[in-house]
$ cat coords13.tsv   # TSV, C-alpha atoms
chain	number	residue	atom	x	y	z
A	1	GLY	CA	-4.80	-12.70	-10.74
A	2	GLN	CA	-1.28	-12.18	-9.58
A	3	GLN	CA	-0.56	-13.25	-6.03
A	4	VAL	CA	2.47	-13.03	-3.86
A	5	MET	CA	3.13	-14.83	-0.60
A	6	GLN	CA	5.03	-13.01	2.09
A	7	ILE	CA	6.52	-14.54	5.21
A	8	PRO	CA	6.77	-14.37	8.10
A	9	GLN	CA	3.60	-12.59	9.16
A	10	TYR	CA	5.20	-11.35	12.36
A	11	GLN	CA	8.75	-11.01	13.61
A	12	HIS	CA	9.85	-9.83	17.01
A	13	VAL	CA	13.55	-9.19	17.56
A	14	GLN	CA	15.86	-7.68	20.10
A	15	GLU	CA	17.32	-4.37	19.04
A	16	GLY	CA	20.55	-5.05	17.23
A	17	GLU	CA	19.43	-8.37	15.78
A	18	ASP	CA	18.91	-8.88	12.08
A	19	PHE	CA	15.57	-9.23	10.33
A	20	THR	CA	14.51	-10.73	7.02
A	21	THR	CA	11.20	-10.90	5.19
A	22	TYR	CA	10.57	-12.93	2.06
A	23	CYS	CA	8.19	-12.72	-0.86
A	24	ASN	CA	7.47	-15.51	-3.31
A	25	SER	CA	5.52	-15.63	-6.52
A	26	SER	CA	4.50	-18.61	-8.60
A	27	THR	CA	5.07	-16.61	-11.77
A	28	THR	CA	7.98	-14.60	-13.12
A	29	LEU	CA	7.78	-10.96	-12.12
A	30	SER	CA	8.69	-7.95	-14.21
A	31	ASN	CA	9.60	-6.11	-11.05
A	32	ILE	CA	8.93	-6.03	-7.34
A	33	GLN	CA	8.56	-3.08	-5.02
A	34	TRP	CA	9.00	-2.80	-1.27
A	35	TYR	CA	7.10	-0.49	1.06
A	36	LYS	CA	7.25	0.29	4.77
A	37	GLN	CA	4.25	1.26	6.85
A	38	ARG	CA	4.89	2.64	10.31
A	39	PRO	CA	2.22	2.00	12.96
A	40	GLY	CA	-0.66	4.37	12.31
A	41	GLY	CA	0.94	5.59	9.11
A	42	HIS	CA	0.71	5.01	5.42
A	43	PRO	CA	2.90	2.88	3.16
A	44	VAL	CA	6.09	4.54	1.98
A	45	PHE	CA	7.95	3.35	-1.09
A	46	LEU	CA	11.38	1.97	-0.33
A	47	ILE	CA	12.74	0.49	-3.52
A	48	GLN	CA	12.05	-1.27	-6.77
A	49	LEU	CA	13.93	-4.28	-8.12
A	50	VAL	CA	13.88	-5.07	-11.82
A	51	LYS	CA	16.85	-7.17	-12.84
A	52	SER	CA	17.39	-10.87	-12.24
A	53	GLY	CA	19.66	-11.39	-9.26
A	54	GLU	CA	19.65	-7.71	-8.42
A	55	VAL	CA	20.89	-6.61	-5.02
A	56	LYS	CA	20.36	-3.10	-3.75
A	57	LYS	CA	21.36	-1.55	-0.45
A	58	GLN	CA	20.01	1.35	1.51
A	59	LYS	CA	22.15	1.79	4.61
A	60	ARG	CA	21.26	-1.22	6.78
A	61	LEU	CA	18.62	-2.52	4.36
A	62	THR	CA	19.53	-5.03	1.66
A	63	PHE	CA	17.04	-5.95	-1.05
A	64	GLN	CA	17.45	-8.95	-3.31
A	65	PHE	CA	15.61	-10.14	-6.39
A	66	GLY	CA	15.95	-13.82	-7.19
A	67	GLU	CA	17.64	-15.13	-10.30
A	68	ALA	CA	14.35	-16.48	-11.59
A	69	LYS	CA	12.57	-13.23	-10.68
A	70	LYS	CA	10.05	-15.13	-8.61
A	71	ASN	CA	11.21	-14.22	-5.15
A	72	SER	CA	12.64	-11.34	-3.24
A	73	SER	CA	13.88	-10.55	0.22
A	74	LEU	CA	14.45	-7.58	2.45
A	75	HIS	CA	17.14	-7.91	5.10
A	76	ILE	CA	17.78	-5.41	7.85
A	77	THR	CA	21.11	-5.59	9.62
A	78	ALA	CA	21.33	-4.62	13.29
A	79	THR	CA	17.75	-3.44	13.72
A	80	GLN	CA	16.97	-0.18	15.47
A	81	THR	CA	13.71	0.93	17.06
A	82	THR	CA	13.08	3.17	14.08
A	83	ASP	CA	12.77	0.05	11.93
A	84	VAL	CA	9.48	-0.88	13.62
A	85	GLY	CA	6.60	-1.21	11.19
A	86	THR	CA	5.10	-3.47	8.58
A	87	TYR	CA	7.08	-4.24	5.45
A	88	PHE	CA	5.17	-5.06	2.28
A	89	CYS	CA	6.32	-6.33	-1.04
A	90	ALA	CA	4.19	-5.41	-4.03
A	91	VAL	CA	4.08	-6.82	-7.53
A	92	PRO	CA	2.42	-5.47	-10.66
A	93	GLN	CA	-0.83	-6.84	-11.96
A	94	GLY	CA	-1.69	-5.67	-15.42
A	95	ALA	CA	-0.56	-2.28	-16.61
A	96	GLN	CA	-1.43	-0.24	-13.57
A	97	LYS	CA	-2.27	-2.13	-10.44
A	98	LEU	CA	-0.10	-3.35	-7.63
A	99	VAL	CA	-0.82	-6.43	-5.56
A	100	PHE	CA	0.55	-6.26	-2.05
A	101	GLY	CA	1.88	-9.13	-0.04
A	102	GLN	CA	0.42	-9.89	3.35
A	103	GLY	CA	3.13	-7.87	5.04
A	104	THR	CA	5.61	-8.69	7.78
A	105	ARG	CA	5.07	-6.84	10.99
A	106	LEU	CA	8.34	-6.11	12.75
A	107	THR	CA	8.43	-5.30	16.44
A	108	ILE	CA	11.62	-4.61	18.35
A	109	ASN	CA	12.50	-5.01	21.97
A	110	PRO	CA	14.81	-2.16	22.92
B	1	GLY	CA	8.17	15.80	-4.50
B	2	ALA	CA	5.35	13.33	-5.18
B	3	VAL	CA	3.16	14.33	-2.28
B	4	VAL	CA	-0.34	12.95	-1.96
B	5	SER	CA	-2.72	14.63	0.45
B	6	GLN	CA	-5.76	12.84	1.82
B	7	HIS	CA	-8.55	14.45	3.81
B	8	PRO	CA	-10.06	14.00	6.31
B	9	SER	CA	-7.69	11.91	8.38
B	10	ARG	CA	-10.40	10.71	10.71
B	11	VAL	CA	-14.17	10.55	10.54
B	12	ILE	CA	-16.61	9.39	13.15
B	13	CYS	CA	-20.24	9.46	12.15
B	14	LYS	CA	-23.59	7.82	12.59
B	15	SER	CA	-24.85	4.89	10.60
B	16	GLY	CA	-26.59	5.96	7.41
B	17	THR	CA	-24.36	8.98	6.81
B	18	SER	CA	-22.49	9.40	3.55
B	19	VAL	CA	-18.82	10.26	3.88
B	20	LYS	CA	-16.61	11.85	1.24
B	21	ILE	CA	-12.84	11.38	1.26
B	22	GLU	CA	-10.58	13.50	-0.91
B	23	CYS	CA	-7.25	12.52	-2.38
B	24	ARG	CA	-5.05	15.17	-3.99
B	25	SER	CA	-1.74	14.99	-5.75
B	26	LEU	CA	-0.06	18.21	-4.65
B	27	ASP	CA	2.95	18.52	-6.90
B	28	PHE	CA	2.21	16.29	-9.85
B	29	GLN	CA	-0.64	15.30	-12.09
B	30	ALA	CA	-2.16	11.88	-11.67
B	31	THR	CA	-4.31	10.47	-14.43
B	32	THR	CA	-4.75	7.39	-12.28
B	33	MET	CA	-5.29	7.10	-8.56
B	34	PHE	CA	-5.97	4.04	-6.47
B	35	TRP	CA	-8.21	3.48	-3.48
B	36	TYR	CA	-7.34	0.85	-0.91
B	37	ARG	CA	-8.98	-0.44	2.21
B	38	GLN	CA	-6.95	-1.80	5.08
B	39	PHE	CA	-8.27	-3.75	8.03
B	40	PRO	CA	-6.30	-3.73	11.30
B	41	LYS	CA	-3.01	-5.58	10.98
B	42	LYS	CA	-3.86	-6.65	7.45
B	43	SER	CA	-2.59	-5.89	4.01
B	44	LEU	CA	-3.87	-3.29	1.60
B	45	MET	CA	-6.84	-4.40	-0.45
B	46	LEU	CA	-7.33	-2.57	-3.71
B	47	MET	CA	-10.90	-1.35	-4.03
B	48	ALA	CA	-10.80	0.53	-7.31
B	49	THR	CA	-8.70	2.32	-9.84
B	50	SER	CA	-9.75	5.90	-10.38
B	51	ASN	CA	-9.25	7.27	-13.88
B	52	GLU	CA	-9.37	10.98	-14.66
B	53	GLY	CA	-12.31	11.82	-16.84
B	54	SER	CA	-13.75	8.34	-16.97
B	55	LYS	CA	-15.42	5.75	-14.80
B	56	ALA	CA	-13.51	4.01	-12.08
B	57	THR	CA	-12.60	0.38	-12.39
B	58	TYR	CA	-13.75	-1.57	-9.38
B	59	GLU	CA	-12.23	-4.77	-8.05
B	60	GLN	CA	-14.34	-7.86	-7.77
B	61	GLY	CA	-16.61	-7.79	-4.77
B	62	VAL	CA	-16.51	-4.02	-4.30
B	63	GLU	CA	-19.93	-2.39	-4.64
B	64	LYS	CA	-19.65	0.55	-6.99
B	65	ASP	CA	-22.93	2.03	-5.78
B	66	LYS	CA	-21.66	1.88	-2.23
B	67	PHE	CA	-18.25	3.35	-2.91
B	68	LEU	CA	-18.63	6.18	-5.40
B	69	ILE	CA	-15.46	7.41	-7.02
B	70	ASN	CA	-15.07	10.63	-8.92
B	71	HIS	CA	-11.84	11.75	-10.59
B	72	ALA	CA	-12.79	15.06	-12.10
B	73	SER	CA	-9.34	16.58	-12.43
B	74	LEU	CA	-5.74	15.50	-12.78
B	75	THR	CA	-5.07	16.24	-9.13
B	76	LEU	CA	-8.20	15.17	-7.31
B	77	SER	CA	-10.05	11.93	-6.76
B	78	THR	CA	-12.86	11.49	-4.26
B	79	LEU	CA	-14.30	8.40	-2.63
B	80	THR	CA	-17.78	8.65	-1.18
B	81	VAL	CA	-18.96	5.92	1.13
B	82	THR	CA	-22.70	6.11	0.75
B	83	SER	CA	-25.09	5.29	3.59
B	84	ALA	CA	-22.23	4.01	5.69
B	85	HIS	CA	-22.77	1.23	8.18
B	86	PRO	CA	-20.55	-0.11	10.98
B	87	GLU	CA	-19.12	-2.78	8.69
B	88	ASP	CA	-17.73	0.00	6.49
B	89	SER	CA	-15.50	1.14	9.34
B	90	SER	CA	-11.94	0.80	8.16
B	91	PHE	CA	-8.77	2.59	7.12
B	92	TYR	CA	-9.07	3.93	3.57
B	93	ILE	CA	-5.93	4.97	1.72
B	94	CYS	CA	-5.45	6.51	-1.68
B	95	SER	CA	-2.35	6.47	-3.82
B	96	ALA	CA	-1.12	7.91	-7.08
B	97	ARG	CA	1.75	7.32	-9.43
B	98	VAL	CA	3.96	9.94	-10.96
B	99	GLY	CA	4.03	9.52	-14.70
B	100	GLY	CA	1.02	7.25	-14.74
B	101	THR	CA	2.34	4.80	-17.26
B	102	GLY	CA	4.42	1.69	-17.06
B	103	ARG	CA	4.60	-0.99	-14.47
B	104	GLY	CA	7.66	0.35	-12.76
B	105	GLN	CA	6.34	3.50	-11.20
B	106	PRO	CA	6.09	3.46	-7.40
B	107	GLN	CA	2.87	4.50	-5.74
B	108	HIS	CA	2.76	7.46	-3.38
B	109	PHE	CA	0.21	7.17	-0.63
B	110	GLY	CA	-1.93	9.65	1.20
B	111	ASP	CA	-2.00	9.60	4.99
B	112	GLY	CA	-5.20	7.58	5.01
B	113	THR	CA	-8.64	8.15	6.48
B	114	ARG	CA	-9.77	6.24	9.52
B	115	LEU	CA	-13.52	5.85	9.20
B	116	SER	CA	-15.58	4.84	12.22
B	117	ILE	CA	-19.31	4.33	11.83
B	118	LEU	CA	-21.30	4.20	15.05

$ encode --input "coords13.tsv" --output "structure tokens"
Amino acid sequence: GQQVMQIPQYQHVQEGEDFTTYCNSSTTLSNIQWYKQRPGGHPVFLIQLVKSGEVKKQKRLTFQFGEAKKNSSLHITATQTTDVGTYFCAVPQGAQKLVFGQGTRLTINP
Amino acid sequence: GAVVSQHPSRVICKSGTSVKIECRSLDFQATTMFWYRQFPKKSLMLMATSNEGSKATYEQGVEKDKFLINHASLTLSTLTVTSAHPEDSSFYICSARVGGTGRGQPQHFGDGTRLSIL
């Protein structure tokens, strides 16, 4: 089945530093979604990328979809303590299911 | 919009007890809901796809007799962990998609149920 590799597994930064997480697939993706899960919480949908080379921004978050539609990244500029959590990419498998990446757990030193 | 409610949020019970978890879509209809299991600091593992009015589709390695899923209406799916044992302790999360069709629909998650079997 579809698999997606996400790195790094953990990232600890000082508040104000940037953060990036990457997802890679061996196959071409129709789309990729990104979710954020706060500690003790549930995943919350952030964004979906569909087009080759697409770049979308949400305030300090920048999402990119590779030209070959096999990789994606989430970049946070000038992290804040509210950014703490685990960020997951998710890719479709079949008509309904989503396969989640391993997640990148972001911790921040204030 | 797109609110998914999951209940209970936490269960602590003795080994051998059966536990029912409810997942409701509050402001939309969901022909399909999904049940995930998440171990501490790990990713979400899909257990089964719950289909309204028909049998659930279980992922490989998930015991359907152990994890009973019922999706009797367009807004409610239930997961029953039968004769639960300590190894069943985990965080169970449901999700649903608005629209229900197409690969592009995001999933909306319930708050999750933390199950602890003593």

$ interface_residues --input "coords13.tsv" --of "chain A" --to "chain B" --cutoff "12 Å" --atoms "all atoms listed in the file" --output "PyMOL selection string"
chain A and resi 1+4-6+9-10+29-51+85-106

$ atom_distance --input "coords13.tsv" --atom1 "CA of Thr78 in chain B" --atom2 "CA of Gln2 in chain A"
26.9 Å

$ residues_around --input "coords13.tsv" --residues "His7 in chain B" --least-positions-apart "4" --cutoff "7 Å" --atoms "all atoms listed in the file" --output "list in words"
Ile21, Glu22, Cys23 and Thr113 of chain B

$ atom_distance --input "coords13.tsv" --atom1 "CA of Thr28 in chain A" --atom2 "CA of Glu54 in chain A"
14.3 Å

$ atom_distance --input "coords13.tsv" --atom1 "CA of Thr75 in chain B" --atom2 "CA of Val62 in chain B"
23.8 Å
